[in-house]
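Participant: Mind having a look at this structure? Questions to follow.
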Amino acid sequence: MFRLNRLTDYAVVVMTQLATRGDQTTLSAQQLSRDTAVPLPTVSKVLTLLAKGGLITSHRGASGGYALTRPAVDISVAAIIEAIEGPIALTACVDGSADSCGVESLCPMRGTWDRVNHAIQSALDEVTLQEMTASFFDFPAVSPVSAPLTSSAGKSSGRAD
């Protein structure tokens, strides 16, 4: 299964939160953690990687925080993935892969994965952060996690009575 790591998923969540607040709005790591329900240490790590990737900028001071470096319509999902995980490379034998393949010179698939990798890269480049926020307003706001509801017998019922 092809799957993005959890940190990348959190990065999209954090970037979406920043995008829904407007291109010029700054939010602190603490506020982003509260708004997204992502733990503060994870938010801090994501923000560091996104800043290194040039997708957000930090502002110091009492009203400081983090903001997008450009409009959400100009940030692709591919850019977010690359800021967190590095170049998009499905296998070790595609152009741009950080890994090397020990049997590349003998492999009959040599070079053919580039076409697949390019198709996925192109698809991810076409989806913008702005598009990712389109369904954001269809969901209720994140609320703090509360303790499970209990029945009169003291066992968790998992539902409201």
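Convention: chains lettered A, B, ... in structure tokens order; per-chain residue numbering from 1; ligands numbered from 1 as shown.
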To test your reading of the structure, identify every residue in stretch 32-61 of chain A that backbone DSSP assigns to strand (DSSP E or B), and report it as a CSV table (one decimal) with all heavy atoms, in the first residue's frame.
Facilitator:
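states26.csv, freshly written:
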```csv
chain,number,residue,atom,x,y,z
A,56,ILE,N,5.8,28.2,5.0
A,56,ILE,CA,5.3,29.1,6.0
A,56,ILE,C,6.5,29.9,6.5
A,56,ILE,O,7.7,29.6,6.2
A,56,ILE,CB,4.7,28.3,7.2
A,56,ILE,CG1,5.7,27.4,7.9
A,56,ILE,CG2,3.5,27.6,6.8
A,56,ILE,CD1,5.2,26.9,9.2
A,57,THR,N,6.2,31.0,7.1
A,57,THR,CA,7.2,31.9,7.7
A,57,THR,C,6.8,32.1,9.2
A,57,THR,O,5.6,32.1,9.5
A,57,THR,CB,7.3,33.2,6.9
A,57,THR,OG1,8.4,33.9,7.5
A,57,THR,CG2,6.1,34.0,7.0
A,58,SER,N,7.8,32.3,10.0
A,58,SER,CA,7.5,32.6,11.4
A,58,SER,C,7.7,34.1,11.7
A,58,SER,O,8.5,34.8,11.1
A,58,SER,CB,8.3,31.8,12.3
A,58,SER,OG,9.7,32.1,12.2
A,59,HIS,N,6.8,34.7,12.5
A,59,HIS,CA,6.9,36.1,12.9
A,59,HIS,C,7.1,36.1,14.4
A,59,HIS,O,6.3,35.5,15.2
A,59,HIS,CB,5.6,36.8,12.5
A,59,HIS,CG,5.4,36.7,11.0
A,59,HIS,ND1,5.9,37.6,10.1
A,59,HIS,CD2,4.6,35.9,10.3
A,59,HIS,CE1,5.5,37.3,8.9
A,59,HIS,NE2,4.7,36.3,9.0
```
Participant: Hey, what's within 9 Å of stretch 60-64 of chain A if we count only C-alpha atoms and toss same-chain stuff fewer than 5 positions away? As a VMD selection string, please?
Facilitator: chain A and resid 26 to 28
Participant: Pick out the residues sitting within 12 Å of A:Ala123, and hand them over as a list in words; count only C-alpha atoms, and ignore anything fewer than 5 positions along from it in its own chain.
Facilitator: Ser76, Val77, Ala78, Ala79, Ile88, Val116, Asn117, His118 and Thr128 of chain A
Participant: For A:Gln17, which of A:Gln130, A:Thr91, A:Ser122, A:Thr36 is the closest residue, counting only C-alpha atoms?
Facilitator: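 Among A:Gln130, A:Thr91, A:Ser122, A:Thr36, it is A:Thr36 that comes nearest to A:Gln17.
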Participant: For stretch 37-53 of chain A, find every residue with an atom within 8 Å (counting only C-alpha atoms), except residues of its own chain fewer than 3 positions away, and show them as a list in words.
Facilitator: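 In the requested form, the answer reads Leu7, Tyr10, Ala11, Val14, Ala29, Gln30, Leu32, Ser33, Arg34, Ile56, Thr57, Ser58, Tyr66, Ile80, Glu82, Ala83, Ile84, Val142, Ser143 and Pro144 of chain A.
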Participant: Between atom CA of A:Val127 and atom CA of A:Asp35, what is the distance, to one decimal in Å?
Facilitator: 23.5 Å
Participant: Hey, can you check how far atom CA of A:Asp9 sits from atom CA of A:Leu55?
Facilitator: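 Computing it gives 15.3 Å between the two atoms.
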Participant: Could you list, as a count of residues only, every residue within 8 Å of A:Ala19, counting only C-alpha atoms and ignoring same-chain residues fewer than 6 positions away?
Facilitator: 6
